[in-house]
>>> print(open('run07.cif').read())   # mmCIF, C-alpha atoms
data_upload
#
loop_
_atom_site.label_atom_id
_atom_site.label_comp_id
_atom_site.auth_asym_id
_atom_site.auth_seq_id
_atom_site.Cartn_x
_atom_site.Cartn_y
_atom_site.Cartn_z
CA MET A 7 13.85 35.38 -10.53
CA MET A 8 14.81 38.90 -9.49
CA ASP A 9 12.48 41.67 -10.62
CA SER A 10 13.57 44.96 -12.17
CA ALA A 11 13.17 46.89 -8.92
CA ASP A 12 15.65 44.61 -7.16
CA LEU A 13 18.08 44.90 -10.05
CA LEU A 14 17.93 48.69 -9.90
CA GLN A 15 18.81 48.57 -6.20
CA ARG A 16 22.09 46.84 -6.96
CA GLU A 17 25.38 48.67 -7.25
CA SER A 18 27.49 47.06 -9.96
CA PHE A 19 30.98 45.92 -8.99
CA VAL A 20 31.93 45.11 -12.59
CA GLU A 21 31.38 48.69 -13.71
CA LYS A 22 33.78 50.12 -11.10
CA SER A 23 37.40 50.88 -11.94
CA ALA A 24 40.15 49.03 -10.10
CA ARG A 25 40.66 51.91 -7.67
CA GLN A 26 36.91 52.21 -7.03
CA ARG A 27 36.70 48.49 -6.31
CA VAL A 28 39.43 48.78 -3.70
CA GLN A 29 37.80 51.83 -2.14
CA TYR A 30 34.49 49.98 -1.91
CA LEU A 31 35.93 46.85 -0.30
CA VAL A 32 38.01 48.37 2.51
CA ASP A 33 36.59 49.93 5.66
CA ALA A 34 35.98 53.67 5.53
CA GLY A 35 39.00 55.65 6.66
CA SER A 36 41.40 52.68 6.51
CA LEU A 37 42.61 52.96 2.91
CA ARG A 38 46.27 53.74 2.26
CA GLU A 39 47.38 53.34 -1.35
CA LEU A 40 50.94 52.15 -1.88
CA LEU A 41 52.97 53.22 -4.92
CA ASP A 42 50.13 55.43 -6.10
CA PRO A 43 50.08 57.26 -9.48
CA PHE A 44 52.10 60.16 -8.04
CA GLU A 45 55.08 57.78 -7.85
CA ARG A 46 54.96 57.73 -11.70
CA LEU A 47 55.81 54.02 -11.92
CA SER A 48 54.96 53.35 -15.54
CA SER A 49 56.23 50.79 -18.00
CA PRO A 50 59.64 51.58 -19.52
CA TRP A 51 58.88 49.33 -22.50
CA LEU A 52 55.60 50.65 -23.87
CA PRO A 53 56.96 54.07 -25.00
CA LEU A 54 59.54 52.24 -27.14
CA GLN A 55 56.56 50.94 -29.11
CA ASP A 56 54.69 54.27 -29.16
CA ILE A 57 52.11 53.04 -26.63
CA VAL A 58 50.80 55.53 -24.06
CA THR A 59 51.63 54.47 -20.51
CA GLN A 60 49.63 54.80 -17.29
CA ALA A 61 51.18 56.20 -14.13
CA ASP A 62 50.33 53.14 -12.00
CA ASP A 63 50.82 50.64 -14.87
CA GLY A 64 47.23 49.50 -14.40
CA VAL A 65 47.68 48.01 -10.92
CA VAL A 66 46.38 49.48 -7.66
CA ILE A 67 47.96 48.34 -4.36
CA ALA A 68 46.45 49.41 -1.05
CA ARG A 69 46.53 48.54 2.65
CA GLY A 70 43.45 48.77 4.81
CA THR A 71 40.97 46.68 6.75
CA ILE A 72 37.87 44.74 5.77
CA ASP A 73 35.51 44.40 8.74
CA GLY A 74 38.55 44.98 10.93
CA VAL A 75 40.81 42.38 9.29
CA VAL A 76 44.08 43.88 8.03
CA VAL A 77 44.39 43.32 4.27
CA VAL A 78 46.52 44.28 1.30
CA VAL A 79 44.48 44.56 -1.88
CA ALA A 80 45.93 44.32 -5.38
CA ALA A 81 43.49 45.36 -8.11
CA ILE A 82 44.12 45.07 -11.85
CA GLU A 83 42.64 47.77 -14.10
CA PRO A 84 41.01 46.14 -17.16
CA ALA A 85 40.72 49.46 -19.00
CA PHE A 86 44.51 49.70 -19.38
CA GLN A 87 46.01 47.27 -21.89
CA GLY A 88 43.28 44.72 -21.11
CA GLY A 89 44.61 44.29 -17.58
CA SER A 90 47.78 42.73 -18.99
CA MET A 91 50.71 42.01 -16.69
CA GLY A 92 53.94 43.81 -17.48
CA GLU A 93 57.15 44.30 -15.54
CA VAL A 94 55.97 47.16 -13.30
CA GLY A 95 52.40 46.05 -12.58
CA GLY A 96 53.48 42.47 -12.00
CA ALA A 97 56.30 43.56 -9.70
CA LYS A 98 53.87 45.68 -7.67
CA ILE A 99 51.64 42.67 -7.02
CA ALA A 100 54.57 40.33 -6.33
CA GLY A 101 56.16 42.89 -3.99
CA ALA A 102 52.94 43.40 -2.05
CA LEU A 103 52.54 39.64 -1.60
CA GLU A 104 56.16 39.20 -0.53
CA LEU A 105 55.79 41.96 2.07
CA ALA A 106 52.62 40.24 3.33
CA LEU A 107 54.64 37.02 3.63
CA GLU A 108 57.24 38.85 5.75
CA ASP A 109 54.42 40.16 7.96
CA ALA A 110 52.93 36.65 8.31
CA ARG A 111 56.28 35.18 9.32
CA ALA A 112 56.66 37.99 11.87
CA LYS A 113 53.26 36.99 13.36
CA THR A 114 51.58 40.21 12.18
CA PRO A 115 49.36 38.71 9.49
CA VAL A 116 48.03 40.71 6.56
CA VAL A 117 45.50 38.96 4.33
CA PRO A 118 46.04 39.42 0.57
CA VAL A 119 43.06 40.08 -1.71
CA ILE A 120 43.70 40.02 -5.46
CA LEU A 121 41.11 41.50 -7.83
CA PHE A 122 41.79 39.75 -11.12
CA GLU A 123 40.73 41.20 -14.45
CA THR A 124 43.44 40.33 -16.90
CA GLY A 125 44.17 38.67 -20.19
CA GLY A 126 47.50 37.46 -18.81
CA VAL A 127 51.01 38.55 -19.67
CA ARG A 128 51.54 41.77 -21.65
CA LEU A 129 52.96 40.64 -24.97
CA GLN A 130 54.97 43.86 -25.47
CA GLU A 131 57.10 42.94 -22.43
CA ALA A 132 56.46 39.21 -22.25
CA ASN A 133 59.64 37.94 -20.58
CA CYS A 134 59.51 40.58 -17.84
CA GLY A 135 55.80 39.98 -17.30
CA LEU A 136 56.23 36.20 -17.15
CA ALA A 137 58.99 36.55 -14.55
CA ALA A 138 56.71 38.72 -12.39
CA ILE A 139 53.82 36.24 -12.73
CA ALA A 140 56.11 33.41 -11.59
CA GLU A 141 56.99 35.48 -8.52
CA ILE A 142 53.27 36.03 -7.85
CA HIS A 143 52.64 32.26 -8.02
CA ALA A 144 55.48 31.52 -5.59
CA ALA A 145 54.30 34.18 -3.13
CA ILE A 146 50.69 32.91 -3.12
CA VAL A 147 51.81 29.33 -2.44
CA ALA A 148 54.04 30.49 0.43
CA LEU A 149 51.40 32.82 1.88
CA ARG A 150 48.49 30.40 2.00
CA GLU A 151 50.25 28.38 4.70
CA HIS A 152 49.95 31.41 6.99
CA VAL A 153 46.84 33.35 5.89
CA PRO A 154 43.97 32.89 3.45
CA VAL A 155 44.71 34.30 0.00
CA VAL A 156 41.51 35.62 -1.56
CA GLY A 157 40.95 36.07 -5.29
CA VAL A 158 38.05 37.80 -7.04
CA ILE A 159 37.21 37.62 -10.75
CA SER A 160 34.37 39.99 -11.47
CA GLY A 161 34.31 41.41 -14.98
CA PRO A 162 33.96 40.07 -18.51
CA VAL A 163 37.67 40.57 -19.28
CA GLY A 164 38.05 37.56 -17.03
CA CYS A 165 41.29 35.94 -15.95
CA PHE A 166 43.52 34.15 -18.45
CA GLY A 167 47.10 33.10 -19.11
CA GLY A 168 49.56 32.83 -16.25
CA MET A 169 47.27 34.88 -14.02
CA SER A 170 44.58 32.18 -14.29
CA ILE A 171 47.08 29.90 -12.55
CA ALA A 172 47.50 32.57 -9.85
CA ALA A 173 43.71 32.61 -9.42
CA GLY A 174 43.66 28.82 -9.10
CA LEU A 175 46.35 28.96 -6.41
CA CYS A 176 44.24 31.23 -4.16
CA SER A 177 42.77 29.77 -0.96
CA THR A 178 39.33 31.10 -1.90
CA LEU A 179 38.26 32.20 -5.37
CA ILE A 180 35.14 34.35 -5.80
CA ALA A 181 33.57 35.04 -9.20
CA THR A 182 30.50 36.57 -10.78
CA ARG A 183 28.45 35.04 -13.59
CA GLU A 184 29.90 37.71 -15.89
CA ALA A 185 33.46 36.56 -15.16
CA ARG A 186 35.50 34.06 -17.16
CA LEU A 187 38.42 31.87 -16.17
CA GLY A 188 40.67 29.89 -18.47
CA LEU A 189 44.28 29.28 -19.37
CA ASN A 190 43.80 30.51 -22.96
CA GLY A 191 41.36 33.17 -24.13
CA PRO A 192 38.83 32.55 -26.92
CA GLN A 193 40.75 34.51 -29.56
CA VAL A 194 43.93 32.54 -28.81
CA ILE A 195 42.13 29.20 -29.08
CA GLU A 196 40.44 30.26 -32.31
CA GLN A 197 43.75 31.42 -33.77
CA GLU A 198 45.45 28.12 -32.97
CA ALA A 199 42.60 25.65 -33.58
CA GLY A 200 40.49 27.46 -36.16
CA VAL A 201 37.07 29.06 -36.08
CA ASP A 202 35.31 25.77 -36.81
CA GLU A 203 36.76 24.36 -33.61
CA PHE A 204 36.21 27.44 -31.45
CA ASP A 205 34.31 30.51 -32.61
CA SER A 206 35.38 33.42 -30.39
CA ARG A 207 32.25 35.36 -31.43
CA ASP A 208 29.93 32.72 -29.92
CA ARG A 209 29.44 34.37 -26.54
CA PRO A 210 26.89 31.87 -25.12
CA MET A 211 29.24 29.01 -25.96
CA ILE A 212 32.25 30.81 -24.45
CA TRP A 213 30.47 31.58 -21.18
CA SER A 214 29.08 28.03 -21.04
CA LEU A 215 32.68 26.77 -21.04
CA THR A 216 34.66 29.38 -19.10
CA GLY A 217 32.03 31.57 -17.41
CA GLY A 218 31.74 32.03 -13.67
CA ALA A 219 28.68 29.78 -13.27
CA GLN A 220 30.33 26.90 -15.12
CA ARG A 221 33.59 27.30 -13.21
CA HIS A 222 31.64 27.24 -9.95
CA ALA A 223 29.75 24.12 -10.99
CA THR A 224 33.04 22.36 -11.71
CA HIS A 225 34.67 23.51 -8.44
CA PHE A 226 37.26 25.87 -9.90
CA VAL A 227 35.44 28.76 -8.18
CA ASP A 228 34.44 28.54 -4.51
CA THR A 229 31.83 31.31 -4.29
CA LEU A 230 29.55 32.53 -7.08
CA CYS A 231 28.12 36.05 -6.71
CA ASP A 232 25.82 38.28 -8.68
CA ASP A 233 27.26 41.56 -9.96
CA ASP A 234 26.27 43.22 -6.71
CA SER A 235 28.93 45.22 -4.86
CA ALA A 236 27.42 44.50 -1.44
CA GLU A 237 27.21 40.76 -2.12
CA ILE A 238 30.80 40.62 -3.38
CA ARG A 239 32.08 42.61 -0.40
CA ALA A 240 30.26 40.25 1.98
CA ALA A 241 31.86 37.25 0.25
CA VAL A 242 35.32 38.84 0.47
CA ALA A 243 34.81 39.78 4.14
CA ASN A 244 33.80 36.20 4.90
CA ALA A 245 36.83 34.81 3.06
CA VAL A 246 39.43 37.07 4.70
CA ALA A 247 38.07 36.22 8.17
CA ARG A 248 38.48 32.46 7.70
CA PRO A 249 41.38 30.66 9.35
CA VAL A 250 43.89 28.90 7.13
CA GLY A 251 41.76 26.16 5.63
CA ASP A 252 41.99 22.61 4.47
CA LEU A 253 44.23 21.27 1.74
CA ALA A 254 44.61 23.83 -1.05
CA ARG A 255 42.78 23.24 -4.31
CA THR A 256 46.05 22.63 -6.14
CA GLN A 257 47.09 19.98 -3.61
CA ALA A 258 43.76 18.15 -3.29
CA VAL A 259 44.66 15.60 -5.96
CA ASP A 260 42.45 12.82 -4.57
CA ALA A 261 39.37 15.06 -4.59
CA HIS A 262 39.97 16.01 -8.22
CA LEU A 263 40.52 12.38 -9.22
CA GLU A 264 37.28 11.40 -7.49
CA ARG A 265 35.38 14.02 -9.49
CA LEU A 266 36.94 12.76 -12.70
CA ARG A 267 35.94 9.18 -11.88
CA ALA A 268 32.36 10.35 -11.33
CA LEU A 269 32.13 11.98 -14.76
CA ASP A 270 29.96 10.41 -17.42
CA THR A 271 32.29 11.09 -20.34
CA GLN A 272 29.68 10.12 -22.92
CA ARG A 273 27.32 12.70 -21.51
CA ARG A 274 30.05 15.34 -21.59
CA ALA A 275 30.39 14.73 -25.31
CA ASP A 276 26.91 16.17 -25.70
CA ALA A 277 27.23 19.95 -26.21
CA ALA A 278 23.85 20.46 -24.52
CA TRP A 279 25.39 19.54 -21.16
CA ALA A 280 27.20 22.87 -20.86
CA ARG A 281 23.92 24.74 -21.26
CA GLU A 282 22.33 22.43 -18.70
CA VAL A 283 25.04 23.34 -16.19
CA MET A 284 24.35 27.02 -16.77
CA ALA A 285 20.59 26.57 -16.36
CA GLN A 286 20.97 24.61 -13.12
CA GLU A 287 23.39 27.15 -11.69
CA ILE A 288 21.17 30.09 -12.63
CA HIS A 289 17.98 28.51 -11.26
CA GLY A 290 19.62 26.73 -8.33
CA SER A 291 18.33 23.29 -9.22
CA GLY A 292 21.27 21.23 -8.08
CA ASP A 293 24.75 20.20 -9.11
CA PRO A 294 24.99 17.97 -12.18
CA SER A 295 27.13 14.87 -11.94
#
>>> encode(input="run07.cif", output="structure tokens")
Amino acid sequence: MMDSADLLQRESFVEKSARQRVQYLVDAGSLRELLDPFERLSSPWLPLQDIVTQADDGVVIARGTIDGVVVVVAAIEPAFQGGSMGEVGGAKIAGALELALEDARAKTPVVPVILFETGGVRLQEANCGLAAIAEIHAAIVALREHVPVVGVISGPVGCFGGMSIAAGLCSTLIATREARLGLNGPQVIEQEAGVDEFDSRDRPMIWSLTGGAQRHATHFVDTLCDDDSAEIRAAVANAVARPVGDLARTQAVDAHLERLRALDTQRRADAAWAREVMAQEIHGSGDPS
């Protein structure tokens, strides 16, 4: 177990804003932000509903290098509209990925890094946001044939909705224990199924089902990190330097079927199993069957 002195030495990644996260990841002097706040690209739909906009629509796009590897980083700001994806923010990410695809096809590869922290589509502009998310999915699938596509889920907002599919499409997915990953968020599940079925206030239960440690134990996340900026940067640097890897997670059907066949479904019916997974991940005592 880590003592308090070691904890105090850490620099939190979760507590950084989207722009600070990008600045921390890229090599000093290499950062060039694209479509920055001075471009005034804000949502045209939010003012119609008397909602204050943000000049970058909550998405930071930047070019730079990470340990010398040329990257384009897209970072979602959780403090603006819960990191939700609208027309402008979604188009910024999709556009950055599509330009990276053009570079890859021209044999000048740029590795995409996506910093997820989002509840999914922005309901106030749902159709536009959904269209942008679909474009993001298509670009990731096309890109990962040429370069690794790296995703990071760091904060407690997590990654939900259509953007959780984008995270699953990445070549490498990195997460912290504080992160969450799921198609539907707790409040949505509670609203549809009822509080008796899923209590969104039960934080230990929620993290035992969708938290970073559980997602790593069940192979939805490739690398599990502590909320330590240096550790996360090292994991990202390692991921962007990898060559295009083996069969993508979304195509490795046989591997997923093999894991399902190995499951003891009766044991999974026991709610205590989820807590056991968390304990084993935290203390490093193996991978439960």
>>> axis_aligned_box(input="run07.cif", around="range 222-228 of chain A", padding_each_side="8 Å", output="lines of an AutoDock Vina configuration file")
center_x = 33.5
center_y = 25.6
center_z = -8.1
size_x = 23.5
size_y = 22.4
size_z = 23.2
>>> residues_around(input="run07.cif", residues="range 129-144 of chain A", least_positions_apart="6", cutoff="8 Å", atoms="only C-alpha atoms", output="PDB file with C-alpha atoms, keeping the file's coordinate frame")
ATOM      1  CA  TRP A  51      58.880  49.330 -22.500  1.00  0.00           C
ATOM      2  CA  LEU A  52      55.600  50.650 -23.870  1.00  0.00           C
ATOM      3  CA  MET A  91      50.710  42.010 -16.690  1.00  0.00           C
ATOM      4  CA  GLY A  92      53.940  43.810 -17.480  1.00  0.00           C
ATOM      5  CA  GLU A  93      57.150  44.300 -15.540  1.00  0.00           C
ATOM      6  CA  GLY A  96      53.480  42.470 -12.000  1.00  0.00           C
ATOM      7  CA  ALA A  97      56.300  43.560  -9.700  1.00  0.00           C
ATOM      8  CA  ILE A  99      51.640  42.670  -7.020  1.00  0.00           C
ATOM      9  CA  ALA A 100      54.570  40.330  -6.330  1.00  0.00           C
ATOM     10  CA  LEU A 103      52.540  39.640  -1.600  1.00  0.00           C
ATOM     11  CA  GLY A 168      49.560  32.830 -16.250  1.00  0.00           C
ATOM     12  CA  MET A 169      47.270  34.880 -14.020  1.00  0.00           C
ATOM     13  CA  ILE A 171      47.080  29.900 -12.550  1.00  0.00           C
ATOM     14  CA  ALA A 172      47.500  32.570  -9.850  1.00  0.00           C
ATOM     15  CA  LEU A 175      46.350  28.960  -6.410  1.00  0.00           C
TER      16      LEU A 175
END
>>> residues_near_point(input="run07.cif", point="(42.7, 42.4, 0.3)", cutoff="9 Å", atoms="only C-alpha atoms", output="list of chain:residue names")
A:Val28, A:Leu31, A:Val32, A:Ala68, A:Arg69, A:Gly70, A:Thr71, A:Ile72, A:Val76, A:Val77, A:Val78, A:Val79, A:Ala80, A:Ala81, A:Val116, A:Val117, A:Pro118, A:Val119, A:Ile120, A:Leu121, A:Val155, A:Val156, A:Gly157, A:Val242, A:Val246
>>> residues_near_point(input="run07.cif", point="(25.6, 30.2, -0.7)", cutoff="12 Å", atoms="only C-alpha atoms", output="PDB file with C-alpha atoms, keeping the file's coordinate frame")
ATOM      1  CA  ILE A 180      35.140  34.350  -5.800  1.00  0.00           C
ATOM      2  CA  HIS A 222      31.640  27.240  -9.950  1.00  0.00           C
ATOM      3  CA  ASP A 228      34.440  28.540  -4.510  1.00  0.00           C
ATOM      4  CA  THR A 229      31.830  31.310  -4.290  1.00  0.00           C
ATOM      5  CA  LEU A 230      29.550  32.530  -7.080  1.00  0.00           C
ATOM      6  CA  CYS A 231      28.120  36.050  -6.710  1.00  0.00           C
ATOM      7  CA  ASP A 232      25.820  38.280  -8.680  1.00  0.00           C
ATOM      8  CA  GLU A 237      27.210  40.760  -2.120  1.00  0.00           C
ATOM      9  CA  ILE A 238      30.800  40.620  -3.380  1.00  0.00           C
ATOM     10  CA  ALA A 240      30.260  40.250   1.980  1.00  0.00           C
ATOM     11  CA  ALA A 241      31.860  37.250   0.250  1.00  0.00           C
ATOM     12  CA  ASN A 244      33.800  36.200   4.900  1.00  0.00           C
ATOM     13  CA  GLU A 287      23.390  27.150 -11.690  1.00  0.00           C
ATOM     14  CA  GLY A 290      19.620  26.730  -8.330  1.00  0.00           C
TER      15      GLY A 290
END
>>> closest_residue(input="run07.cif", among="A:Gly191, A:Val227, A:Arg128, A:Glu151", to="Ala173 in chain A", atoms="only C-alpha atoms")
A:Val227
>>> residues_around(input="run07.cif", residues="Arg111 in chain A", least_positions_apart="2", cutoff="12 Å", atoms="only C-alpha atoms", output="list in words")
Glu104, Leu105, Ala106, Leu107, Glu108, Asp109, Lys113, Thr114, Pro115, Val116, Ala148, Leu149, Arg150, Glu151, His152 and Val153 of chain A
>>> write_last_selection(input="run07.cif", atoms="C-alpha atoms", output="PDB file, keeping the file's coordinate frame")
ATOM      1  CA  GLU A 104      56.160  39.200  -0.530  1.00  0.00           C
ATOM      2  CA  LEU A 105      55.790  41.960   2.070  1.00  0.00           C
ATOM      3  CA  ALA A 106      52.620  40.240   3.330  1.00  0.00           C
ATOM      4  CA  LEU A 107      54.640  37.020   3.630  1.00  0.00           C
ATOM      5  CA  GLU A 108      57.240  38.850   5.750  1.00  0.00           C
ATOM      6  CA  ASP A 109      54.420  40.160   7.960  1.00  0.00           C
ATOM      7  CA  LYS A 113      53.260  36.990  13.360  1.00  0.00           C
ATOM      8  CA  THR A 114      51.580  40.210  12.180  1.00  0.00           C
ATOM      9  CA  PRO A 115      49.360  38.710   9.490  1.00  0.00           C
ATOM     10  CA  VAL A 116      48.030  40.710   6.560  1.00  0.00           C
ATOM     11  CA  ALA A 148      54.040  30.490   0.430  1.00  0.00           C
ATOM     12  CA  LEU A 149      51.400  32.820   1.880  1.00  0.00           C
ATOM     13  CA  ARG A 150      48.490  30.400   2.000  1.00  0.00           C
ATOM     14  CA  GLU A 151      50.250  28.380   4.700  1.00  0.00           C
ATOM     15  CA  HIS A 152      49.950  31.410   6.990  1.00  0.00           C
ATOM     16  CA  VAL A 153      46.840  33.350   5.890  1.00  0.00           C
TER      17      VAL A 153
END
>>> atom_distance(input="run07.cif", atom1="CA of Tyr30 in chain A", atom2="CA of Gly217 in chain A")
24.2 Å
>>> resolve_selection(input="run07.cif", expression="the PyMOL selection byres ((chain A and resi 64) around 7)", output="ChimeraX atom specification")
/A:60,62-63,65-66,82-83,86,89,95
>>> residues_around(input="run07.cif", residues="Phe19 in chain A", least_positions_apart="3", cutoff="12 Å", atoms="only C-alpha atoms", output="CSV table (one decimal) with C-alpha atoms, keeping the file's coordinate frame")
chain,number,residue,atom,x,y,z
A,16,ARG,CA,22.1,46.8,-7.0
A,22,LYS,CA,33.8,50.1,-11.1
A,23,SER,CA,37.4,50.9,-11.9
A,24,ALA,CA,40.2,49.0,-10.1
A,25,ARG,CA,40.7,51.9,-7.7
A,26,GLN,CA,36.9,52.2,-7.0
A,27,ARG,CA,36.7,48.5,-6.3
A,28,VAL,CA,39.4,48.8,-3.7
A,29,GLN,CA,37.8,51.8,-2.1
A,30,TYR,CA,34.5,50.0,-1.9
A,31,LEU,CA,35.9,46.8,-0.3
A,121,LEU,CA,41.1,41.5,-7.8
A,158,VAL,CA,38.0,37.8,-7.0
A,159,ILE,CA,37.2,37.6,-10.8
A,160,SER,CA,34.4,40.0,-11.5
A,161,GLY,CA,34.3,41.4,-15.0
A,162,PRO,CA,34.0,40.1,-18.5
A,181,ALA,CA,33.6,35.0,-9.2
A,182,THR,CA,30.5,36.6,-10.8
A,184,GLU,CA,29.9,37.7,-15.9
A,185,ALA,CA,33.5,36.6,-15.2
A,231,CYS,CA,28.1,36.0,-6.7
A,232,ASP,CA,25.8,38.3,-8.7
A,233,ASP,CA,27.3,41.6,-10.0
A,234,ASP,CA,26.3,43.2,-6.7
A,235,SER,CA,28.9,45.2,-4.9
A,236,ALA,CA,27.4,44.5,-1.4
A,237,GLU,CA,27.2,40.8,-2.1
A,238,ILE,CA,30.8,40.6,-3.4
A,239,ARG,CA,32.1,42.6,-0.4
>>> atom_distance(input="run07.cif", atom1="CA of Asp42 in chain A", atom2="CA of Val163 in chain A")
23.4 Å
>>> resolve_selection(input="run07.cif", expression="the PyMOL selection byres ((chain A and resi 213) around 10)", output="list in words")
Pro162, Arg183, Glu184, Ala185, Arg186, Leu187, Asp208, Arg209, Pro210, Met211, Ile212, Ser214, Leu215, Thr216, Gly217, Gly218, Ala219, Gln220, Arg221, Ala280, Arg281 and Met284 of chain A
>>> closest_residue(input="run07.cif", among="A:Arg46, A:Arg38, A:Arg207, A:His225", to="His262 in chain A", atoms="all atoms listed in the file")
A:His225
>>> atom_distance(input="run07.cif", atom1="CA of Pro43 in chain A", atom2="CA of Glu21 in chain A")
21.0 Å
>>> closest_residue(input="run07.cif", among="A:Leu263, A:Leu41, A:Leu189, A:Leu269", to="Cys165 in chain A", atoms="only C-alpha atoms")
A:Leu189
>>> residues_around(input="run07.cif", residues="Val194 in chain A", least_positions_apart="3", cutoff="12 Å", atoms="all atoms listed in the file", output="list in words")
Gly125, Gly126, Phe166, Gly167, Gly188, Leu189, Asn190, Gly191, Gln197, Glu198, Ala199, Gly200, Val201, Glu203, Phe204, Asp205 and Ser206 of chain A
>>> closest_residue(input="run07.cif", among="A:Pro53, A:Gly101, A:Gly164, A:Pro249", to="Ala145 in chain A", atoms="only C-alpha atoms")
A:Gly101
>>> residues_around(input="run07.cif", residues="Arg255 in chain A", least_positions_apart="4", cutoff="9 Å", atoms="all atoms listed in the file", output="list in words")
Gly174, Leu175, Cys176, Ser177, Thr178, Phe226, Val259, Ala261 and His262 of chain A
